[in-house]
file upload_15.cif (mmCIF, C-alpha atoms)
data_my_file
#
loop_
_atom_site.label_atom_id
_atom_site.label_comp_id
_atom_site.auth_asym_id
_atom_site.auth_seq_id
_atom_site.Cartn_x
_atom_site.Cartn_y
_atom_site.Cartn_z
CA MET Y 1 -26.73 -8.97 -24.32
CA SER Y 2 -25.38 -7.45 -21.16
CA ILE Y 3 -23.08 -8.70 -18.47
CA SER Y 4 -23.97 -8.34 -14.80
CA ASP Y 5 -21.59 -7.07 -12.13
CA GLU Y 6 -21.65 -10.50 -10.46
CA GLU Y 7 -20.71 -12.24 -13.70
CA LEU Y 8 -17.86 -9.81 -14.27
CA ILE Y 9 -16.55 -10.27 -10.72
CA GLN Y 10 -16.75 -14.03 -11.14
CA GLN Y 11 -14.72 -13.81 -14.35
CA LEU Y 12 -12.14 -11.52 -12.78
CA GLU Y 13 -11.72 -13.66 -9.69
CA SER Y 14 -11.23 -16.83 -11.70
CA VAL Y 15 -8.05 -15.50 -13.34
CA PRO Y 16 -5.21 -17.63 -11.92
CA LEU Y 17 -1.97 -16.27 -10.46
CA VAL Y 18 1.00 -17.25 -12.61
CA ASP Y 19 4.40 -18.37 -11.34
CA PRO Y 20 6.89 -15.55 -11.74
CA PRO Y 21 10.40 -15.88 -13.10
CA ASP Y 22 12.72 -16.06 -10.08
CA PHE Y 23 14.21 -12.59 -9.78
CA ARG Y 24 15.27 -12.94 -6.15
CA GLU Y 25 18.90 -13.48 -7.09
CA ALA Y 26 18.92 -10.47 -9.41
CA VAL Y 27 17.41 -8.29 -6.69
CA MET Y 28 19.88 -9.56 -4.09
CA ARG Y 29 22.80 -8.88 -6.44
CA GLY Y 30 21.55 -5.30 -6.77
CA VAL Y 31 21.01 -5.04 -3.03
CA ARG Y 32 24.57 -6.21 -2.31
CA ARG Y 33 25.95 -3.81 -4.93
CA ALA Y 34 24.12 -1.02 -3.15
CA ASP Y 35 26.90 -1.48 -0.57
CA SER Y 36 25.72 0.11 2.63
CA PRO Y 37 22.11 -0.53 2.06
CA VAL Y 38 19.01 1.14 3.26
CA GLY Y 39 17.90 4.69 3.69
CA SER Y 40 19.05 8.12 2.73
CA ALA Y 41 22.42 9.44 3.83
CA PRO Y 42 21.05 11.55 6.71
CA ALA Y 43 19.04 8.59 7.98
CA LYS Y 44 22.11 6.37 7.82
CA SER Y 45 24.18 8.97 9.66
CA ARG Y 46 21.48 9.24 12.31
CA ARG Y 47 21.47 5.49 12.76
CA TYR Y 48 25.27 5.46 12.92
CA VAL Y 49 25.33 8.17 15.58
CA LEU Y 50 22.53 6.46 17.52
CA GLY Y 51 24.41 3.16 17.27
CA LEU Y 52 27.57 4.75 18.63
CA ALA Y 53 25.63 6.40 21.45
CA TRP Y 54 23.94 3.12 22.28
CA ALA Y 55 27.26 1.24 22.27
CA ALA Y 56 28.82 3.89 24.53
CA ALA Y 57 25.87 3.68 26.93
CA VAL Y 58 26.12 -0.12 27.05
CA ALA Y 59 29.88 0.12 27.71
CA VAL Y 60 29.30 2.55 30.61
CA VAL Y 61 26.55 0.39 32.13
CA VAL Y 62 28.58 -2.82 31.81
CA GLY Y 63 31.68 -1.08 33.20
CA LEU Y 64 29.75 0.23 36.21
CA ALA Y 65 28.15 -3.16 36.80
CA LEU Y 66 31.53 -4.90 36.79
CA TRP Y 67 33.06 -2.26 39.05
CA ARG Y 68 30.24 -2.30 41.59
CA ALA Y 69 29.54 -6.02 41.57
CA PRO Y 70 32.71 -8.05 41.22
CA GLU Y 71 30.95 -11.30 42.16
CA PRO Y 72 29.65 -13.44 39.27
CA ARG Y 73 26.57 -11.91 37.73
CA PRO Y 74 23.37 -13.91 37.43
CA GLN Y 75 22.91 -15.30 33.93
CA ASN Y 76 19.77 -13.38 33.18
CA ALA Y 77 21.61 -10.08 33.55
CA ALA Y 78 23.35 -10.57 30.22
CA ALA Y 79 21.69 -10.80 26.87
CA THR Y 80 24.37 -13.04 25.46
CA ILE Y 81 26.98 -15.43 26.77
CA ALA Y 82 29.34 -16.32 24.00
CA PRO Y 83 32.56 -18.25 24.35
CA ALA Y 84 34.87 -17.78 21.39
CA SER Y 85 32.87 -16.67 18.36
CA ALA Y 86 29.67 -18.53 19.15
CA GLU Y 87 26.93 -16.04 19.84
CA LEU Y 88 23.18 -15.97 20.03
CA ASN Y 89 21.29 -12.84 19.05
CA VAL Y 90 17.63 -12.48 19.81
CA HIS Y 91 15.37 -9.78 18.35
CA ARG Y 92 11.94 -9.45 19.84
CA ILE Y 93 8.82 -8.27 18.01
CA GLY Y 94 5.72 -8.59 20.16
CA ASP Y 95 5.36 -12.21 21.20
CA ARG Y 96 7.85 -13.47 18.64
CA PHE Y 97 11.61 -13.86 18.86
CA ALA Y 98 14.02 -14.13 15.94
CA VAL Y 99 17.02 -16.17 17.08
CA GLN Y 100 20.22 -15.98 15.08
CA SER Y 101 23.44 -17.80 15.86
CA THR Y 102 26.86 -16.88 14.53
CA LEU Y 103 27.80 -20.56 14.24
CA LYS Y 104 25.78 -23.45 12.86
CA GLY Y 105 24.55 -25.76 15.54
CA GLU Y 106 21.56 -27.17 17.29
CA LEU Y 107 19.25 -24.73 19.04
CA GLU Y 108 17.46 -25.73 22.22
CA TRP Y 109 14.91 -23.70 24.08
CA ASP Y 110 12.40 -24.02 26.86
CA ARG Y 111 9.59 -25.70 24.94
CA THR Y 112 7.08 -25.18 27.70
CA LYS Y 113 7.37 -21.43 27.15
CA LEU Y 114 8.36 -21.05 23.50
CA SER Y 115 7.26 -22.79 20.33
CA ARG Y 116 8.93 -22.76 16.93
CA VAL Y 117 7.06 -20.87 14.20
CA GLU Y 118 9.41 -20.96 11.25
CA VAL Y 119 13.02 -21.36 10.18
CA LEU Y 120 14.01 -18.69 7.64
CA SER Y 121 16.24 -19.47 4.68
CA ASP Y 122 19.26 -17.90 6.42
CA GLY Y 123 18.84 -20.18 9.44
CA THR Y 124 17.11 -17.63 11.69
CA VAL Y 125 14.66 -19.45 13.95
CA ILE Y 126 11.41 -17.70 14.79
CA LEU Y 127 10.02 -18.64 18.18
CA ALA Y 128 6.70 -17.60 19.66
CA ARG Y 129 5.75 -17.25 23.31
CA ARG Y 130 3.25 -19.90 24.30
CA PRO Y 131 -0.08 -18.55 25.59
CA GLY Y 132 0.19 -17.85 29.30
CA ALA Y 133 3.97 -18.33 29.45
CA SER Y 134 5.85 -15.75 31.50
CA GLY Y 135 9.14 -15.02 33.24
CA VAL Y 136 12.35 -15.92 31.47
CA ALA Y 137 13.31 -18.64 29.00
CA GLU Y 138 16.70 -20.01 28.10
CA ILE Y 139 17.91 -20.58 24.57
CA ARG Y 140 21.06 -22.67 24.07
CA LEU Y 141 23.27 -23.40 21.11
CA ARG Y 142 24.99 -26.80 20.98
CA ILE Y 143 27.63 -27.89 18.54
CA ALA Y 144 28.54 -31.60 18.44
CA GLY Y 145 26.57 -32.03 21.65
CA LYS Y 146 28.53 -29.38 23.48
CA GLU Y 147 26.86 -26.19 24.68
CA VAL Y 148 28.71 -23.24 23.15
CA ALA Y 149 26.32 -20.36 23.83
CA LYS Y 150 23.36 -19.60 25.99
CA THR Y 151 21.08 -16.64 26.40
CA THR Y 152 18.26 -15.89 28.77
CA ILE Y 153 15.38 -13.81 27.53
CA GLY Y 154 12.47 -12.21 29.34
CA ILE Y 155 9.19 -13.22 27.72
CA ASP Y 156 6.69 -11.14 29.71
CA MET L 1 -7.34 -18.84 11.75
CA ALA L 2 -6.68 -16.79 8.62
CA GLU L 3 -6.30 -13.69 10.77
CA LEU L 4 -3.74 -15.44 12.97
CA TYR L 5 -1.74 -16.31 9.85
CA LEU L 6 -1.77 -12.69 8.69
CA VAL L 7 -0.57 -11.41 12.04
CA GLN L 8 2.28 -13.90 11.93
CA GLU L 9 3.32 -12.84 8.42
CA GLU L 10 3.31 -9.19 9.44
CA ASP L 11 5.52 -9.94 12.43
CA LEU L 12 7.95 -11.82 10.23
CA ASP L 13 8.01 -8.89 7.81
CA ARG L 14 8.82 -6.48 10.63
CA ILE L 15 11.60 -8.73 11.91
CA ALA L 16 13.11 -8.94 8.42
CA VAL L 17 12.87 -5.17 7.95
CA GLU L 18 14.48 -4.55 11.32
CA ARG L 19 17.33 -6.89 10.46
CA CYS L 20 17.84 -5.14 7.11
CA LEU L 21 17.98 -1.79 8.85
CA GLN L 22 20.62 -3.22 11.18
CA GLY L 23 22.74 -4.06 8.13
CA ASP L 24 21.76 -7.67 7.46
CA VAL L 25 21.01 -7.31 3.73
CA ASP L 26 20.31 -11.06 3.36
CA ALA L 27 17.15 -10.61 5.42
CA PHE L 28 15.75 -8.70 2.44
CA GLY L 29 15.88 -11.97 0.47
CA THR L 30 13.16 -13.46 2.67
CA LEU L 31 10.91 -10.50 1.85
CA VAL L 32 11.56 -10.89 -1.88
CA GLU L 33 10.82 -14.60 -1.64
CA ARG L 34 7.59 -14.02 0.29
CA TYR L 35 6.18 -11.37 -2.02
CA GLN L 36 7.65 -11.99 -5.47
CA ARG L 37 4.64 -14.03 -6.67
CA PRO L 38 1.78 -11.68 -5.75
CA VAL L 39 3.77 -8.57 -6.61
CA PHE L 40 4.77 -10.03 -9.99
CA ASN L 41 1.15 -10.89 -10.78
CA THR L 42 0.03 -7.38 -9.86
CA VAL L 43 2.72 -5.76 -12.00
CA LEU L 44 2.14 -8.23 -14.87
CA HIS L 45 -1.50 -7.22 -15.17
CA MET L 46 -0.58 -3.55 -14.78
CA VAL L 47 2.04 -3.47 -17.57
CA GLY L 48 0.79 -6.42 -19.64
CA ASP L 49 4.18 -7.79 -20.63
CA ALA L 50 6.10 -10.52 -18.78
CA GLU L 51 9.59 -9.18 -19.49
CA ASP L 52 8.59 -5.62 -18.55
CA ALA L 53 6.89 -6.99 -15.42
CA ARG L 54 10.09 -8.76 -14.34
CA GLU L 55 12.10 -5.55 -14.79
CA VAL L 56 9.52 -3.42 -13.00
CA CYS L 57 9.39 -5.91 -10.11
CA GLN L 58 13.16 -5.87 -9.74
CA GLN L 59 13.15 -2.08 -9.75
CA ALA L 60 10.32 -2.01 -7.22
CA PHE L 61 12.12 -4.35 -4.81
CA MET L 62 15.36 -2.38 -5.23
CA LYS L 63 13.52 0.87 -4.56
CA ALA L 64 11.88 -0.68 -1.49
CA PHE L 65 15.30 -1.71 -0.21
CA GLU L 66 16.82 1.71 -0.83
CA HIS L 67 13.96 3.46 0.95
CA LEU L 68 13.41 0.92 3.71
CA SER L 69 14.22 3.48 6.38
CA SER L 70 11.16 5.49 5.32
CA TYR L 71 8.86 2.50 5.95
CA ASP L 72 6.67 3.04 9.01
CA PRO L 73 6.66 -0.25 11.00
CA GLU L 74 3.27 0.69 12.46
CA ARG L 75 1.81 0.00 9.01
CA LYS L 76 1.70 -3.23 7.05
CA PHE L 77 4.88 -3.88 5.11
CA PHE L 78 3.05 -5.46 2.17
CA SER L 79 0.84 -2.37 1.73
CA TRP L 80 3.95 -0.25 1.50
CA LEU L 81 5.64 -2.67 -0.90
CA TYR L 82 2.58 -2.82 -3.16
CA ARG L 83 2.44 0.96 -3.22
CA VAL L 84 6.03 1.03 -4.46
CA ALA L 85 5.24 -1.66 -7.07
CA VAL L 86 2.06 0.03 -8.35
CA ASN L 87 3.84 3.39 -8.59
CA GLU L 88 6.74 1.78 -10.47
CA SER L 89 4.24 0.17 -12.86
CA ILE L 90 2.50 3.50 -13.51
CA ASN L 91 5.86 5.25 -14.05
CA HIS L 92 6.84 2.49 -16.45
CA LEU L 93 3.59 2.87 -18.42
CA LYS L 94 4.03 6.65 -18.58
CA ALA L 95 7.59 6.27 -19.86
CA LYS L 96 6.46 3.74 -22.48
CA ARG L 97 3.41 5.69 -23.64
CA PRO L 98 3.66 5.81 -27.44
CA HIS L 99 3.85 9.17 -29.18
CA ASP L 100 0.86 10.08 -31.29
CA PRO L 101 1.23 8.17 -34.52
CA LEU L 102 1.61 10.18 -37.72
CA ASP L 103 -0.60 7.72 -39.50
CA GLU L 104 -3.95 7.63 -37.70
CA THR L 105 -4.68 4.15 -38.98
CA PHE L 106 -1.57 2.81 -37.22
CA GLU L 107 -2.36 0.79 -34.13
CA HIS L 108 0.19 0.05 -31.45
CA PRO L 109 0.26 -3.58 -30.42
CA ARG L 110 -1.34 -3.89 -26.99
CA PRO L 111 0.56 -6.05 -24.52
CA ASN L 112 -1.37 -8.90 -23.00
CA PRO L 113 -0.16 -11.23 -20.23
CA ALA L 114 -1.85 -14.14 -21.99
CA GLN L 115 0.82 -13.88 -24.70
CA HIS L 116 3.33 -15.20 -22.17
CA PHE L 117 1.37 -17.53 -19.92
CA GLU L 118 -0.69 -20.40 -21.29
CA GLU L 119 -2.79 -20.52 -18.14
CA LEU L 120 -4.08 -17.02 -18.93
CA GLU L 121 -5.14 -17.74 -22.53
CA GLU L 122 -8.74 -18.35 -21.52
CA TRP L 123 -8.92 -14.78 -20.22
CA THR L 124 -7.41 -13.02 -23.26
CA HIS L 125 -10.57 -11.00 -23.93
CA LEU L 126 -10.65 -9.88 -20.28
CA HIS L 127 -7.01 -8.78 -20.33
CA GLU L 128 -7.49 -6.84 -23.52
CA ALA L 129 -10.34 -4.95 -21.87
CA ILE L 130 -8.30 -4.39 -18.70
CA MET L 131 -5.36 -3.04 -20.72
CA ASP L 132 -7.77 -0.52 -22.29
CA LEU L 133 -8.51 0.95 -18.85
CA GLU L 134 -6.59 3.93 -17.49
CA PRO L 135 -3.83 2.69 -15.10
CA ASN L 136 -5.65 4.12 -12.06
CA TYR L 137 -8.75 2.04 -12.84
CA ARG L 138 -6.63 -0.95 -13.78
CA ALA L 139 -4.85 -0.82 -10.40
CA VAL L 140 -8.05 -1.04 -8.34
CA ILE L 141 -9.37 -3.95 -10.42
CA ILE L 142 -6.12 -5.88 -10.02
CA LEU L 143 -5.70 -5.20 -6.31
CA ARG L 144 -9.32 -6.04 -5.51
CA HIS L 145 -10.08 -8.97 -7.80
CA PHE L 146 -6.72 -10.54 -8.68
CA VAL L 147 -4.80 -10.30 -5.41
CA HIS L 148 -7.90 -9.92 -3.21
CA PHE L 149 -7.12 -6.92 -1.03
CA SER L 150 -9.83 -5.35 1.12
CA TYR L 151 -11.05 -1.81 0.44
CA ASP L 152 -9.07 -0.36 3.35
CA GLU L 153 -5.91 -2.17 2.25
CA ILE L 154 -6.31 -0.81 -1.29
CA ALA L 155 -6.90 2.63 0.20
CA GLU L 156 -3.61 2.33 2.11
CA ILE L 157 -1.71 1.04 -0.92
CA LEU L 158 -3.00 3.74 -3.27
CA ASN L 159 -3.03 6.44 -0.59
CA LEU L 160 -6.69 7.22 -1.27
CA PRO L 161 -9.77 7.51 0.95
CA GLU L 162 -11.70 4.24 1.12
CA LYS L 163 -14.72 5.97 -0.38
CA THR L 164 -12.70 6.93 -3.46
CA VAL L 165 -11.50 3.34 -3.81
CA LYS L 166 -15.08 2.08 -3.82
CA SER L 167 -16.27 4.61 -6.37
CA ARG L 168 -13.21 4.10 -8.56
CA LEU L 169 -13.76 0.36 -8.49
CA PHE L 170 -17.41 0.82 -9.39
CA THR L 171 -16.49 2.98 -12.40
CA ALA L 172 -13.67 0.61 -13.41
CA ARG L 173 -16.04 -2.37 -13.47
CA GLN L 174 -18.61 -0.35 -15.42
CA LEU L 175 -16.00 0.59 -18.04
CA LEU L 176 -14.83 -3.01 -18.18
CA ARG L 177 -18.37 -4.29 -18.68
CA GLU L 178 -18.98 -1.79 -21.48
CA ALA L 179 -15.73 -2.77 -23.17
CA LEU L 180 -16.54 -6.48 -22.97
CA GLU L 181 -20.08 -5.94 -24.21
CA ALA L 182 -18.83 -3.80 -27.11
CA LYS L 183 -16.55 -6.65 -28.14
CA GLY L 184 -19.34 -9.17 -27.75
CA HIS L 185 -17.70 -10.99 -24.83
CA VAL L 186 -20.51 -11.48 -22.41
CA HIS L 187 -19.19 -14.71 -20.91
#
call {"tool": "encode", "arguments": {"input": "upload_15.cif", "output": "structure tokens"}}
result
Amino acid sequence: MSISDEELIQQLESVPLVDPPDFREAVMRGVRRADSPVGSAPAKSRRYVLGLAWAAAVAVVVGLALWRAPEPRPQNAAATIAPASAELNVHRIGDRFAVQSTLKGELEWDRTKLSRVEVLSDGTVILARRPGASGVAEIRLRIAGKEVAKTTIGID
Amino acid sequence: MAELYLVQEEDLDRIAVERCLQGDVDAFGTLVERYQRPVFNTVLHMVGDAEDAREVCQQAFMKAFEHLSSYDPERKFFSWLYRVAVNESINHLKAKRPHDPLDETFEHPRPNPAQHFEELEEWTHLHEAIMDLEPNYRAVIILRHFVHFSYDEIAEILNLPEKTVKSRLFTARQLLREALEAKGHVH
């Protein structure tokens, strides 16, 4: 008796996936113990130096902007408007935006331009640009009905 | 539709990786959550033992975290993660390889995932044959037929030309067939 390739493939592909023991917590404990996390020391140093350079460049640009234009700046010139400690951070990857807020609250956004894709376990909201949407879109954070932070993002 | 879903997952992976690299270690938890099931199943069939598989998975995720800065965001995150997991499995098997027994009649017990998971009992004969394969052959069988990667994805994971993946898979299935036939398991 022999077994054909098709029969073997059928057998192999009928093996079910089993549910794993949950090792997420164990991994995350290890990750947190790793202290400053990812990458080799030179890579971390490079990132640190780049971060410092970036921060210095931002400080210079913001300083110049304030010095040359004392009148109120339009809202879309700033990435973040954050009274007190409420802050909205937006990371863009392609047509998607990961929105994180430093305080828990209710997020609102321009639903004609952005749609919600997913809410991650840490509360990060993933938004996607709607097909054909362009220009800028506002994202607001409200706490107890009061707007505490707002950011304007370019979605082109 | 399926393609759209994949693109979305890849974007989410890149966002999580970027956040990790910016110091948000909790973002790594979403990656562990997303991939712990398929990665565990891959490692389980590679090493054959549930407890070893759990340890190898933890090590693989830790290693991925520690080397996250070497991940190229132009490539798929899951390919990179699977490469780490398969390499960890092979290293684990090498480290556990038994020394030649003094008594030639002595047989080492062969691990089998079906010992730990009832749902795999029906496939005991298949697992025994898979565990008899060399790890390189085992890996292509698992990646292709258990977690359903394409040839080019397997090529990326194993860092091999696609042609080599195809020929290795062909040989692996041939060896598997011979092993099953020798044991009388034709169905």
call {"tool": "residues_around", "arguments": {"input": "upload_15.cif", "residues": "Y:Gly30", "least_positions_apart": "3", "cutoff": "10 Å", "atoms": "only C-alpha atoms", "output": "list in words"}}
result
Arg24, Glu25, Ala26, Val27, Arg33, Ala34 and Asp35 of chain Y; Gln58, Gln59, Phe61, Met62 and Phe65 of chain L
call {"tool": "resolve_selection", "arguments": {"input": "upload_15.cif", "expression": "the PyMOL selection byres ((chain L) within 8 of (chain Y))", "output": "PyMOL selection string"}}
result
chain L and resi 11+14-15+20-21+23+25-30+32-33+36-38+40-41+54+58+61-62+65-70+117+119-120+123+126+145-146+173+177+181+186-187
call {"tool": "residues_around", "arguments": {"input": "upload_15.cif", "residues": "stretch 80-97 of chain L", "least_positions_apart": "2", "cutoff": "9 Å", "atoms": "only C-alpha atoms", "output": "ChimeraX atom specification"}}
result
/L:35,39-40,42-44,46-47,52-53,56-57,59-61,63-64,71-72,75-78,99,135-136,139,156-159
call {"tool": "closest_residue", "arguments": {"input": "upload_15.cif", "among": "Y:Arg140, Y:Ala133, Y:Ala57, Y:Ala149", "to": "Y:Glu87", "atoms": "all atoms listed in the file"}}
result
Y:Ala149
call {"tool": "residues_around", "arguments": {"input": "upload_15.cif", "residues": "Y:Glu138", "least_positions_apart": "2", "cutoff": "10 Å", "atoms": "all atoms listed in the file", "output": "list in words"}}
result
Gln75, Asn76, Glu108, Trp109, Asp110, Arg111, Lys113, Leu114, Val136, Arg140, Lys150, Thr151, Thr152, Ile153 and Gly154 of chain Y
call {"tool": "resolve_selection", "arguments": {"input": "upload_15.cif", "expression": "the PyMOL selection byres ((chain Y and resi 147) around 10)", "output": "MDAnalysis selection string"}}
result
chainID Y and resid 83 86 105:108 140:146 148:150
call {"tool": "atom_distance", "arguments": {"input": "upload_15.cif", "atom1": "atom CA of Y:Val99", "atom2": "atom CA of L:Leu12"}}
result
12.2 Å
call {"tool": "atom_distance", "arguments": {"input": "upload_15.cif", "atom1": "atom CA of L:Leu31", "atom2": "atom CA of L:Glu9"}}
result
10.3 Å
call {"tool": "closest_residue", "arguments": {"input": "upload_15.cif", "among": "L:Ile142, L:Ala129, L:Ala16, L:Leu176", "to": "L:His45", "atoms": "only C-alpha atoms"}}
result
L:Ile142
call {"tool": "atom_distance", "arguments": {"input": "upload_15.cif", "atom1": "atom CA of Y:Arg129", "atom2": "atom CA of Y:Thr112"}}
result
9.2 Å
call {"tool": "axis_aligned_box", "arguments": {"input": "upload_15.cif", "around": "stretch 14-20 of chain Y", "padding_each_side": "4 Å", "output": "AutoDock Vina command-line options"}}
result
--center_x -2.2 --center_y -16.9 --center_z -11.9 --size_x 26.1 --size_y 10.9 --size_z 10.9
call {"tool": "resolve_selection", "arguments": {"input": "upload_15.cif", "expression": "the PyMOL selection byres ((chain L and resi 169) around 9)", "output": "list in words"}}
result
Tyr137, Arg138, Val140, Ile141, Arg144, Thr164, Val165, Lys166, Ser167, Arg168, Phe170, Thr171, Ala172, Arg173 and Gln174 of chain L
